[in-house]
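Printed here is start18.cif (mmCIF, C-alpha atoms):
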data_run
#
loop_
_atom_site.label_atom_id
_atom_site.label_comp_id
_atom_site.auth_asym_id
_atom_site.auth_seq_id
_atom_site.Cartn_x
_atom_site.Cartn_y
_atom_site.Cartn_z
CA MET A 27 23.33 -24.36 13.15
CA ASN A 28 20.89 -24.50 16.09
CA ALA A 29 17.96 -26.58 14.81
CA SER A 30 15.71 -25.68 17.74
CA GLU A 31 16.15 -21.94 17.20
CA LEU A 32 15.55 -22.38 13.47
CA ARG A 33 12.22 -24.12 14.20
CA ASP A 34 11.27 -21.25 16.53
CA ILE A 35 11.97 -18.72 13.77
CA ILE A 36 9.87 -20.69 11.29
CA GLU A 37 6.97 -20.93 13.76
CA TRP A 38 7.30 -17.20 14.49
CA MET A 39 6.94 -16.43 10.79
CA ILE A 40 4.04 -18.86 10.33
CA GLY A 41 2.34 -17.06 13.22
CA GLY A 42 2.59 -13.76 11.39
CA ALA A 43 5.84 -12.38 12.89
CA ARG A 44 3.66 -10.38 15.27
CA SER A 45 6.56 -8.85 17.17
CA ALA A 46 7.60 -7.05 13.95
CA PRO A 47 4.66 -4.95 12.71
CA THR A 48 6.22 -3.80 9.41
CA PRO A 49 8.01 -5.74 6.63
CA PRO A 50 11.39 -3.99 7.27
CA GLN A 51 11.13 -4.79 10.98
CA MET A 52 10.20 -8.38 10.20
CA MET A 53 13.20 -8.74 7.89
CA ALA A 54 15.58 -7.24 10.44
CA GLU A 55 14.34 -9.43 13.28
CA CYS A 56 14.33 -12.56 11.11
CA CYS A 57 17.91 -12.05 9.89
CA GLU A 58 19.20 -11.18 13.36
CA ARG A 59 17.60 -14.30 14.82
CA LEU A 60 19.05 -16.44 12.03
CA VAL A 61 22.53 -15.08 12.77
CA ARG A 62 22.10 -15.88 16.47
CA ALA A 63 21.02 -19.40 15.46
CA GLY A 64 24.35 -19.88 13.69
CA LEU A 65 23.68 -18.85 10.08
CA PRO A 66 26.65 -16.67 8.94
CA LEU A 67 24.70 -14.10 6.92
CA TRP A 68 26.13 -10.96 5.35
CA ARG A 69 23.88 -9.18 2.84
CA ILE A 70 20.31 -10.45 2.35
CA GLY A 71 17.89 -9.23 -0.29
CA VAL A 72 14.18 -9.80 -0.83
CA PHE A 73 12.67 -8.81 -4.18
CA VAL A 74 8.90 -8.60 -4.54
CA ARG A 75 7.09 -7.89 -7.79
CA THR A 76 4.01 -5.67 -7.56
CA LEU A 77 0.80 -5.14 -9.49
CA HIS A 78 1.22 -1.42 -10.12
CA PRO A 79 1.08 0.70 -13.28
CA GLU A 80 4.41 2.41 -12.54
CA ILE A 81 6.32 0.17 -10.11
CA TYR A 82 7.65 -3.23 -11.19
CA GLY A 83 8.79 -4.27 -7.76
CA ARG A 84 10.12 -3.46 -4.31
CA HIS A 85 13.37 -4.55 -2.70
CA PHE A 86 14.53 -4.93 0.89
CA PHE A 87 18.21 -5.25 1.86
CA TRP A 88 19.60 -6.25 5.26
CA LYS A 89 23.18 -6.14 6.49
CA PRO A 90 24.43 -6.68 10.05
CA GLY A 91 24.25 -3.53 12.14
CA ALA A 92 22.40 -1.45 9.54
CA GLU A 93 18.82 -0.38 8.95
CA VAL A 94 16.89 -2.38 6.37
CA GLU A 95 17.13 -0.55 3.06
CA THR A 96 13.95 -0.39 0.98
CA GLY A 97 13.29 0.88 -2.52
CA THR A 98 11.38 0.41 -5.75
CA VAL A 99 12.19 -0.15 -9.42
CA ASP A 100 10.04 0.73 -12.42
CA HIS A 101 9.12 -1.48 -15.37
CA ASN A 102 12.11 -0.25 -17.39
CA ILE A 103 14.32 -2.62 -15.40
CA LEU A 104 13.04 -5.48 -17.56
CA ASP A 105 14.81 -3.96 -20.57
CA SER A 106 18.06 -3.14 -18.79
CA PRO A 107 21.23 -5.09 -19.69
CA GLU A 108 22.12 -5.40 -16.00
CA PHE A 109 18.90 -7.24 -15.16
CA ALA A 110 19.29 -9.57 -18.14
CA VAL A 111 22.54 -10.99 -16.69
CA SER A 112 21.43 -10.94 -13.06
CA PRO A 113 20.85 -14.19 -11.16
CA LEU A 114 17.50 -12.73 -10.12
CA SER A 115 16.36 -12.66 -13.75
CA THR A 116 16.84 -16.42 -13.91
CA VAL A 117 14.97 -16.91 -10.64
CA PHE A 118 12.02 -14.83 -11.82
CA ARG A 119 11.85 -16.48 -15.26
CA GLN A 120 12.55 -20.11 -14.33
CA GLY A 121 11.77 -20.33 -10.62
CA VAL A 122 15.07 -22.09 -9.84
CA GLU A 123 17.94 -21.49 -7.44
CA VAL A 124 21.06 -19.77 -8.74
CA ARG A 125 24.30 -20.14 -6.80
CA ALA A 126 27.54 -18.25 -7.33
CA ARG A 127 30.53 -19.39 -5.25
CA LEU A 128 33.11 -16.70 -5.64
CA ASP A 129 35.95 -19.22 -5.87
CA ASP A 130 34.24 -20.84 -8.86
CA PRO A 131 35.35 -19.36 -12.24
CA ALA A 132 31.91 -20.15 -13.68
CA SER A 133 30.40 -17.53 -11.36
CA ALA A 134 32.14 -14.79 -13.33
CA ARG A 135 29.21 -14.90 -15.77
CA PHE A 136 27.33 -12.79 -13.23
CA PRO A 137 28.66 -9.19 -13.06
CA ILE A 138 27.33 -8.87 -9.51
CA VAL A 139 30.15 -11.19 -8.40
CA VAL A 140 32.68 -8.37 -8.84
CA ASP A 141 30.74 -6.16 -6.40
CA LEU A 142 30.36 -9.02 -3.93
CA GLN A 143 34.06 -9.81 -4.00
CA ALA A 144 34.79 -6.22 -3.03
CA GLU A 145 32.68 -6.78 0.10
CA GLY A 146 34.53 -9.95 1.00
CA VAL A 147 31.62 -12.22 0.08
CA THR A 148 32.51 -15.87 -0.49
CA ASP A 149 29.14 -17.33 -1.49
CA TYR A 150 25.88 -16.16 -3.02
CA ILE A 151 22.62 -17.98 -3.58
CA ALA A 152 19.38 -16.65 -5.06
CA VAL A 153 16.33 -18.64 -3.95
CA PRO A 154 12.79 -18.38 -5.36
CA LEU A 155 9.96 -17.32 -3.07
CA VAL A 156 6.96 -19.14 -4.50
CA TYR A 157 3.39 -18.07 -3.81
CA THR A 158 0.53 -20.53 -3.42
CA ASP A 159 -0.52 -19.89 -7.05
CA GLY A 160 3.02 -20.50 -8.38
CA PHE A 161 3.92 -16.81 -8.78
CA VAL A 162 7.66 -16.36 -8.17
CA ASN A 163 9.50 -13.66 -6.25
CA ALA A 164 13.13 -13.90 -5.20
CA SER A 165 15.55 -13.68 -2.30
CA SER A 166 19.35 -13.50 -2.25
CA TRP A 167 21.63 -14.70 0.55
CA THR A 168 25.35 -14.06 0.95
CA THR A 169 28.06 -14.93 3.44
CA ARG A 170 31.66 -13.96 4.10
CA GLN A 171 32.35 -17.27 5.80
CA PRO A 172 35.55 -18.88 4.43
CA GLY A 173 34.56 -21.61 2.00
CA GLY A 174 31.01 -20.29 1.65
CA PHE A 175 27.79 -21.82 2.94
CA THR A 176 27.78 -25.41 4.17
CA GLU A 177 25.08 -27.80 2.97
CA GLU A 178 23.43 -27.60 6.40
CA GLN A 179 23.31 -23.82 6.15
CA LEU A 180 21.88 -23.96 2.63
CA ASP A 181 19.15 -26.30 3.88
CA ALA A 182 18.38 -23.81 6.64
CA ILE A 183 18.02 -21.01 4.07
CA ARG A 184 15.71 -23.15 1.94
CA SER A 185 13.58 -24.02 4.97
CA ILE A 186 13.13 -20.37 5.94
CA THR A 187 12.11 -19.27 2.42
CA VAL A 188 8.87 -21.29 2.56
CA PRO A 189 7.29 -19.41 5.52
CA LEU A 190 8.95 -16.23 4.24
CA ALA A 191 7.07 -16.62 0.94
CA ARG A 192 3.77 -17.14 2.79
CA TYR A 193 4.34 -14.02 4.90
CA ILE A 194 5.26 -11.93 1.86
CA GLU A 195 2.27 -13.24 -0.09
CA ILE A 196 -0.17 -12.16 2.63
CA ILE A 197 1.42 -8.74 3.05
CA THR A 198 1.63 -8.26 -0.71
CA LEU A 199 -2.01 -9.21 -1.27
CA ARG A 200 -3.08 -6.63 1.31
CA ARG A 201 -0.79 -4.02 -0.18
CA THR A 202 -1.93 -4.85 -3.71
CA ALA A 203 -5.57 -4.50 -2.72
CA SER A 204 -4.82 -1.13 -1.18
CA LEU A 205 -2.81 0.04 -4.21
CA LEU A 206 -5.46 -1.08 -6.67
CA LEU A 207 -8.18 0.66 -4.71
CA ASP A 208 -6.04 3.79 -4.53
CA THR A 209 -5.39 3.60 -8.29
CA TYR A 210 -8.97 2.96 -9.36
CA VAL A 211 -11.18 4.67 -6.76
CA GLY A 212 -8.84 7.05 -4.90
CA ASN A 213 -7.09 7.02 -1.55
CA ARG A 214 -9.92 8.04 0.77
CA ALA A 215 -12.46 5.84 -0.98
CA GLY A 216 -9.99 2.95 -0.93
CA GLU A 217 -9.45 3.34 2.81
CA ARG A 218 -13.19 3.26 3.40
CA ILE A 219 -13.68 0.17 1.26
CA MET A 220 -10.78 -1.63 2.98
CA GLY A 221 -12.33 -0.60 6.28
CA GLY A 222 -15.51 -2.50 5.44
CA GLN A 223 -17.71 0.12 3.78
CA ILE A 224 -18.70 -2.24 0.97
CA ARG A 225 -22.49 -2.50 1.06
CA ARG A 226 -24.76 -0.60 -1.27
CA GLY A 227 -26.20 2.37 0.57
CA HIS A 228 -23.18 2.82 2.82
CA ALA A 229 -22.61 6.53 2.39
CA ASP A 230 -21.69 9.63 4.38
CA THR A 231 -22.31 13.29 3.83
CA MET A 232 -19.36 15.66 3.72
CA ASP A 233 -18.62 19.25 2.83
CA ALA A 234 -16.22 19.50 -0.08
CA ALA A 235 -15.01 21.67 -2.91
CA ILE A 236 -16.09 20.05 -6.17
CA TRP A 237 -13.97 20.01 -9.32
CA LEU A 238 -15.61 19.09 -12.62
CA SER A 239 -13.74 19.52 -15.89
CA ASP A 240 -13.73 18.42 -19.50
CA LEU A 241 -11.63 18.83 -22.63
CA ARG A 242 -12.87 21.38 -25.14
CA GLY A 243 -13.45 20.10 -28.66
CA PHE A 244 -13.20 16.46 -27.62
CA THR A 245 -16.00 15.28 -29.92
CA ALA A 246 -14.32 16.74 -33.00
CA LEU A 247 -10.94 15.47 -31.83
CA SER A 248 -12.30 11.93 -31.47
CA ASP A 249 -13.88 12.09 -34.91
CA ARG A 250 -10.69 13.01 -36.81
CA LEU A 251 -8.02 11.08 -34.90
CA PRO A 252 -7.51 7.31 -34.39
CA ALA A 253 -8.84 5.95 -31.11
CA GLU A 254 -5.33 4.99 -29.93
CA THR A 255 -4.15 8.57 -30.46
CA VAL A 256 -7.15 9.95 -28.60
CA VAL A 257 -6.38 7.71 -25.61
CA GLU A 258 -2.76 8.89 -25.62
CA ILE A 259 -3.90 12.52 -25.68
CA LEU A 260 -6.39 11.92 -22.89
CA ASN A 261 -3.71 10.38 -20.68
CA LEU A 262 -1.43 13.39 -21.21
CA TYR A 263 -4.33 15.74 -20.60
CA PHE A 264 -5.37 14.02 -17.37
CA ASP A 265 -1.74 14.09 -16.20
CA CYS A 266 -1.98 17.89 -16.23
CA GLN A 267 -4.79 17.73 -13.66
CA VAL A 268 -4.36 14.63 -11.53
CA THR A 269 -0.94 15.58 -10.15
CA ALA A 270 -2.12 19.08 -9.28
CA ILE A 271 -5.29 17.76 -7.65
CA ARG A 272 -3.49 15.20 -5.49
CA ASP A 273 -0.67 17.60 -4.58
CA HIS A 274 -3.26 20.00 -3.19
CA GLY A 275 -5.20 17.46 -1.15
CA GLY A 276 -7.90 16.49 -3.61
CA GLU A 277 -9.08 13.08 -4.69
CA VAL A 278 -10.00 12.10 -8.23
CA LEU A 279 -13.24 10.10 -8.07
CA LYS A 280 -14.07 9.47 -11.68
CA PHE A 281 -12.96 9.81 -15.29
CA MET A 282 -15.95 10.16 -17.62
CA GLY A 283 -14.63 10.12 -21.18
CA ASP A 284 -12.84 13.45 -21.27
CA GLY A 285 -14.49 14.54 -18.01
CA LEU A 286 -12.97 14.45 -14.55
CA LEU A 287 -14.71 14.63 -11.17
CA ALA A 288 -12.67 15.36 -8.04
CA VAL A 289 -13.41 16.47 -4.49
CA PHE A 290 -11.43 18.35 -1.88
CA PRO A 291 -12.96 17.50 1.52
CA VAL A 292 -13.33 20.22 4.11
CA ASP A 293 -11.90 18.51 7.19
CA GLU A 294 -9.23 18.65 9.88
CA TYR A 295 -6.60 17.43 7.42
CA LEU A 296 -7.08 19.88 4.54
CA GLY A 297 -8.45 22.75 6.59
CA ASP A 298 -11.51 24.95 6.69
CA GLU A 299 -13.45 26.24 3.70
CA VAL A 300 -11.10 29.17 3.06
CA GLN A 301 -7.99 26.97 3.16
CA VAL A 302 -9.54 24.27 0.98
CA CYS A 303 -10.79 26.72 -1.66
CA SER A 304 -7.36 28.34 -1.74
CA ARG A 305 -5.77 24.93 -2.40
CA VAL A 306 -8.32 24.15 -5.11
CA LEU A 307 -7.62 27.43 -6.88
CA GLU A 308 -3.87 26.76 -6.78
CA ALA A 309 -4.51 23.35 -8.34
CA ALA A 310 -6.77 24.94 -10.96
CA ARG A 311 -4.11 27.45 -11.99
CA ALA A 312 -1.47 24.70 -12.17
CA SER A 313 -3.77 22.53 -14.30
CA ARG A 314 -4.61 25.43 -16.59
CA ALA A 315 -0.92 26.13 -17.14
CA GLY A 316 -0.24 22.45 -17.81
CA VAL A 317 -3.00 22.13 -20.39
CA GLU A 318 -1.97 25.39 -22.08
CA ALA A 319 1.59 24.09 -22.40
CA LEU A 320 0.50 20.66 -23.64
CA GLN A 321 1.36 19.93 -27.28
CA PHE A 322 0.89 16.76 -29.28
CA ALA A 323 2.66 16.19 -32.60
CA ASN A 324 0.26 14.84 -35.21
CA GLY A 325 2.13 14.46 -38.49
CA ASP A 326 3.15 17.92 -39.62
CA ALA A 327 0.63 19.56 -37.29
CA VAL A 328 0.82 20.21 -33.56
CA GLU A 329 -2.33 19.76 -31.52
CA ARG A 330 -3.01 22.30 -28.76
CA PHE A 331 -5.69 21.96 -26.11
CA ARG A 332 -8.09 23.85 -23.88
CA PHE A 333 -10.26 22.64 -21.07
CA GLY A 334 -13.13 23.90 -18.96
CA LEU A 335 -13.31 23.67 -15.18
CA ALA A 336 -16.17 24.42 -12.80
CA LEU A 337 -15.58 24.88 -9.07
CA HIS A 338 -18.24 24.74 -6.40
CA LEU A 339 -18.45 24.22 -2.64
CA GLY A 340 -21.23 22.21 -1.06
CA ARG A 341 -22.40 19.11 0.72
CA VAL A 342 -22.20 15.79 -1.11
CA LEU A 343 -23.24 12.22 -0.41
CA TYR A 344 -20.08 10.10 -0.58
CA GLY A 345 -20.29 6.32 -0.72
CA ASN A 346 -21.46 3.14 -2.47
CA ILE A 347 -23.98 3.49 -5.26
CA GLY A 348 -24.89 0.87 -7.85
CA GLY A 349 -26.92 -2.20 -8.69
CA GLY A 350 -26.64 -5.73 -7.37
CA ASN A 351 -23.03 -6.63 -6.69
CA ARG A 352 -21.62 -3.96 -9.05
CA LEU A 353 -20.97 -0.82 -7.04
CA ASP A 354 -19.22 2.47 -7.56
CA PHE A 355 -17.72 4.60 -4.81
CA THR A 356 -18.57 8.15 -5.82
CA CYS A 357 -20.34 11.31 -4.73
CA ILE A 358 -23.73 12.64 -5.71
CA GLY A 359 -26.03 15.45 -4.71
CA PRO A 360 -27.31 18.83 -5.87
CA ALA A 361 -23.83 20.34 -5.38
CA VAL A 362 -22.35 17.91 -7.91
CA ASN A 363 -25.22 18.55 -10.32
CA LEU A 364 -24.66 22.30 -10.05
CA ALA A 365 -20.94 21.90 -10.78
CA ALA A 366 -21.82 19.92 -13.92
CA ARG A 367 -24.18 22.67 -15.08
CA LEU A 368 -21.55 25.35 -14.38
CA GLU A 369 -19.01 23.49 -16.49
CA LYS A 370 -21.39 23.66 -19.46
CA ILE A 371 -21.84 27.39 -18.87
CA ALA A 372 -18.05 27.78 -18.88
CA GLY A 373 -18.03 26.26 -22.36
CA ARG A 374 -20.74 28.63 -23.62
CA LEU A 375 -18.85 31.62 -22.22
CA GLY A 376 -15.49 30.51 -23.62
CA ARG A 377 -14.02 30.45 -20.13
CA THR A 378 -11.47 28.01 -18.70
CA VAL A 379 -12.23 28.34 -14.98
CA VAL A 380 -15.59 29.35 -13.54
CA ALA A 381 -16.91 29.21 -10.00
CA SER A 382 -20.19 29.33 -8.20
CA GLU A 383 -21.05 32.33 -6.09
CA ARG A 384 -20.36 30.36 -2.93
CA PHE A 385 -16.90 29.23 -4.04
CA ALA A 386 -15.91 32.64 -5.39
CA GLY A 387 -17.16 34.34 -2.24
CA ILE A 388 -14.85 32.21 -0.10
CA SER A 389 -11.86 32.00 -2.45
CA ASP A 390 -9.73 35.13 -2.75
CA GLY A 391 -8.73 34.46 -6.33
CA GLY A 392 -9.61 37.64 -8.20
CA TRP A 393 -13.04 36.86 -9.60
CA SER A 394 -15.21 38.83 -12.02
CA ASP A 395 -18.99 38.56 -12.08
CA LEU A 396 -20.04 36.96 -15.38
CA GLY A 397 -23.75 37.31 -14.72
CA GLU A 398 -26.67 35.28 -13.51
CA PHE A 399 -27.75 32.20 -15.42
CA PRO A 400 -30.74 29.87 -15.21
CA ILE A 401 -29.65 26.36 -14.23
CA ALA A 402 -31.50 23.39 -15.71
CA GLY A 403 -33.22 21.44 -12.96
CA PHE A 404 -32.72 24.15 -10.33
CA ALA A 405 -35.40 26.53 -9.16
CA LYS A 406 -33.03 29.49 -8.77
CA ALA A 407 -30.63 31.07 -11.21
CA GLU A 408 -26.94 30.97 -10.26
CA ARG A 409 -24.48 33.82 -10.40
CA VAL A 410 -21.30 32.65 -12.14
CA TYR A 411 -17.78 34.02 -11.69
CA GLY A 412 -14.68 33.86 -13.85
CA LEU A 413 -11.04 34.63 -13.10
CA TYR A 414 -9.88 38.19 -13.79
CA ASP A 415 -6.75 36.96 -15.52
CA GLU A 416 -8.70 35.09 -18.20
CA ALA A 417 -10.16 36.45 -21.39
CA PRO A 418 -13.04 34.59 -23.05
CA VAL A 419 -12.30 32.75 -26.28
CA ALA A 420 -14.56 31.26 -28.90
CA ALA A 421 -16.32 28.25 -27.47
CA ALA A 422 -15.40 24.82 -28.88
CA SER A 423 -18.03 22.16 -29.39
#
Can you dump the structure from the file as structure tokens?
Amino acid sequence: MNASELRDIIEWMIGGARSAPTPPQMMAECCERLVRAGLPLWRIGVFVRTLHPEIYGRHFFWKPGAEVETGTVDHNILDSPEFAVSPLSTVFRQGVEVRARLDDPASARFPIVVDLQAEGVTDYIAVPLVYTDGFVNASSWTTRQPGGFTEEQLDAIRSITVPLARYIEIITLRRTASLLLDTYVGNRAGERIMGGQIRRGHADTMDAAIWLSDLRGFTALSDRLPAETVVEILNLYFDCQVTAIRDHGGEVLKFMGDGLLAVFPVDEYLGDEVQVCSRVLEAARASRAGVEALQFANGDAVERFRFGLALHLGRVLYGNIGGGNRLDFTCIGPAVNLAARLEKIAGRLGRTVVASERFAGISDGGWSDLGEFPIAGFAKAERVYGLYDEAPVAAAS
């Protein structure tokens, strides 16, 4: 083992591994340099837990001469029998090293040993990667060297895991911040906040299609069902919209009880007004179909649902609004207010999807003129349009 080269690798990692701009590139360069320094590595794994509602963790695997393999696992892995008997489970729970020499009969307690033997592996060690706050991730190191790792080589592995943990912690914190912002405020808003748009009053104007919806009969539903059941229904109901909105280039800005506010920016990425409105209408039809198909078993009864959706196109103010150090990244403006008023009109008319005259005039969706209506707070009445393929139903309170 070349001690000088090992120190260089450690200093390179402490300095941020700047020659490797992505985690897979860093892992590849680190492992290749360790091999050149005399560490006989075969298959290396890094396992990083995440703060994400759907993803438990990410993994990175390196082998000589191959691209770094990356992937994710969901939270169900915690209940899997395979994870329960994995060395990594012990590392995560206890924060200790776990070694499995393949010539040691005691190592047979780990099923992974069978797979490693098929690859010619002679030694395996799982080493904790400990963050500054004590949070534990894990790494695994294998060799095909006859007799397994020497004590000097094991010390080298342990010495590299300390700067490796610091590097992963920094990258993970940045990624976690980005994921949390994406989860709670949306992708575009999150990018702006991460980019420094964090002061109250920081806002931009943009042209966007506005989506404002709510669940029909929500008040009565909340009154007759337990709160936990209502939350479960709301999550299923929002699933019918959020996927369609994001798949068509929109961004969900806010959940307001049973209400949802989303925007589809008119820009070089989504397209011009015609293209954006076409995408919005596709998302609206997909959401309508999803809500119509949604059923929820409630004892002997089956709950069915309807929702109302107003679509408008206009200019909005998009940015930080709030009081003191408690801010919200959202959009406001007359266009948003008009969409909110249109959604109420949709409820009175028993319609699922309605649109303003401007949206309907741009979107080739097969619209019928539902009439002109006075709009509270607006000087002019607004002509409202509904889809041809919808028939009005009795309005729900």
*Find the residue from A:Val302, A:Glu177, A:Gly334, A:Tyr157 that sits nearest to Gly243 in chain A; use all atoms listed in the file when measuring.*
A:Gly334
*Within 8 Å of Leu396 in chain A using only C-alpha atoms, minus same-chain residues under 2 positions, as an MDAnalysis selection string*: chainID A and resid 394 398 409:412
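Across the structure, CA of Tyr82 in chain A and CA of Asp100 in chain A are spaced 4.8 Å apart.
The set of residues that the PyMOL selection byres ((chain A and resi 290) around 6) takes from this file is A:Ala234, A:Ala235, A:Gly276, A:Val289, A:Pro291.
Run against this file, the PyMOL selection byres ((chain A and resi 64) around 12) gives back Met27, Asn28, Ala29, Ser30, Glu31, Leu32, Cys57, Glu58, Arg59, Leu60, Val61, Arg62, Ala63, Leu65, Pro66, Leu67, Thr169, Gln171, Phe175, Thr176, Glu178, Gln179, Ala182 and Ile183 of chain A.
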Store the residues picked out above, limited to C-alpha atoms, as a PDB file, in the frame of the given file.
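Printed below is result.pdb as written:
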ATOM      1  CA  MET A  27      23.330 -24.360  13.150  1.00  0.00           C
ATOM      2  CA  ASN A  28      20.890 -24.500  16.090  1.00  0.00           C
ATOM      3  CA  ALA A  29      17.960 -26.580  14.810  1.00  0.00           C
ATOM      4  CA  SER A  30      15.710 -25.680  17.740  1.00  0.00           C
ATOM      5  CA  GLU A  31      16.150 -21.940  17.200  1.00  0.00           C
ATOM      6  CA  LEU A  32      15.550 -22.380  13.470  1.00  0.00           C
ATOM      7  CA  CYS A  57      17.910 -12.050   9.890  1.00  0.00           C
ATOM      8  CA  GLU A  58      19.200 -11.180  13.360  1.00  0.00           C
ATOM      9  CA  ARG A  59      17.600 -14.300  14.820  1.00  0.00           C
ATOM     10  CA  LEU A  60      19.050 -16.440  12.030  1.00  0.00           C
ATOM     11  CA  VAL A  61      22.530 -15.080  12.770  1.00  0.00           C
ATOM     12  CA  ARG A  62      22.100 -15.880  16.470  1.00  0.00           C
ATOM     13  CA  ALA A  63      21.020 -19.400  15.460  1.00  0.00           C
ATOM     14  CA  LEU A  65      23.680 -18.850  10.080  1.00  0.00           C
ATOM     15  CA  PRO A  66      26.650 -16.670   8.940  1.00  0.00           C
ATOM     16  CA  LEU A  67      24.700 -14.100   6.920  1.00  0.00           C
ATOM     17  CA  THR A 169      28.060 -14.930   3.440  1.00  0.00           C
ATOM     18  CA  GLN A 171      32.350 -17.270   5.800  1.00  0.00           C
ATOM     19  CA  PHE A 175      27.790 -21.820   2.940  1.00  0.00           C
ATOM     20  CA  THR A 176      27.780 -25.410   4.170  1.00  0.00           C
ATOM     21  CA  GLU A 178      23.430 -27.600   6.400  1.00  0.00           C
ATOM     22  CA  GLN A 179      23.310 -23.820   6.150  1.00  0.00           C
ATOM     23  CA  ALA A 182      18.380 -23.810   6.640  1.00  0.00           C
ATOM     24  CA  ILE A 183      18.020 -21.010   4.070  1.00  0.00           C
TER      25      ILE A 183
END
_Residue nearest Val162 in chain A among A:Arg84, A:Arg200, A:Arg75, A:Arg127 (counting all atoms listed in the file)_ = A:Arg75
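Among the candidates A:Trp237, A:Tyr150, A:Trp38, A:Phe73, the residue lying nearest to Cys56 in chain A is A:Trp38 (atoms considered: all atoms listed in the file).
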_Please report the interatomic distance between CA of Ala417 in chain A and CA of Ala372 in chain A in Å with one decimal._
12.0 Å
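Note that the spacing between CA of Pro154 in chain A and CA of His85 in chain A amounts to 14.1 Å.
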Specify as an mmCIF file with C-alpha atoms, in the coordinates of the input each residue included when the PyMOL selection byres ((chain A and resi 93) around 12) is applied to this file.
data_model
loop_
_atom_site.group_PDB
_atom_site.id
_atom_site.type_symbol
_atom_site.label_atom_id
_atom_site.label_comp_id
_atom_site.auth_asym_id
_atom_site.auth_seq_id
_atom_site.Cartn_x
_atom_site.Cartn_y
_atom_site.Cartn_z
ATOM 1 C CA PRO A 50 11.390 -3.990 7.270
ATOM 2 C CA GLN A 51 11.130 -4.790 10.980
ATOM 3 C CA MET A 52 10.200 -8.380 10.200
ATOM 4 C CA MET A 53 13.200 -8.740 7.890
ATOM 5 C CA ALA A 54 15.580 -7.240 10.440
ATOM 6 C CA GLU A 55 14.340 -9.430 13.280
ATOM 7 C CA CYS A 57 17.910 -12.050 9.890
ATOM 8 C CA GLU A 58 19.200 -11.180 13.360
ATOM 9 C CA ARG A 69 23.880 -9.180 2.840
ATOM 10 C CA PHE A 86 14.530 -4.930 0.890
ATOM 11 C CA PHE A 87 18.210 -5.250 1.860
ATOM 12 C CA TRP A 88 19.600 -6.250 5.260
ATOM 13 C CA LYS A 89 23.180 -6.140 6.490
ATOM 14 C CA PRO A 90 24.430 -6.680 10.050
ATOM 15 C CA GLY A 91 24.250 -3.530 12.140
ATOM 16 C CA ALA A 92 22.400 -1.450 9.540
ATOM 17 C CA VAL A 94 16.890 -2.380 6.370
ATOM 18 C CA GLU A 95 17.130 -0.550 3.060
ATOM 19 C CA THR A 96 13.950 -0.390 0.980
#
*Around (5.9, 1.7, -14.0) in the file's own coordinates, what residues are found within 9 Å if you use all atoms listed in the file, given back as a PyMOL selection string?*
chain A and resi 78-82+99-102
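Using all atoms listed in the file, the smallest distance between any of A:Gly83, A:Asp293, A:Leu364, A:Leu279 and Leu104 in chain A comes from A:Gly83.
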*Compile the contact shell of Leu199 in chain A as a ChimeraX atom specification: residues with an atom at most 10 Å away, counting only C-alpha atoms, same-chain residues fewer than 6 positions apart removed.*
/A:76-77,205
*Which residues, written as a PyMOL selection string, have at least one atom at most 8 Å from range 130-141 of chain A, with all atoms listed in the file counted and residues fewer than 6 positions away on the same chain left out?*
chain A and resi 111-113
*Identify which of the residues A:Cys266, A:Ala402, A:Leu287, A:Val342 lies closest to Ala312 in chain A, counting only C-alpha atoms when measuring atom-to-atom distances.*
A:Cys266
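Closest to Gly41 in chain A among A:Gly325, A:Pro189, A:Gly397, A:Gly275 is A:Pro189, based on all atoms listed in the file.
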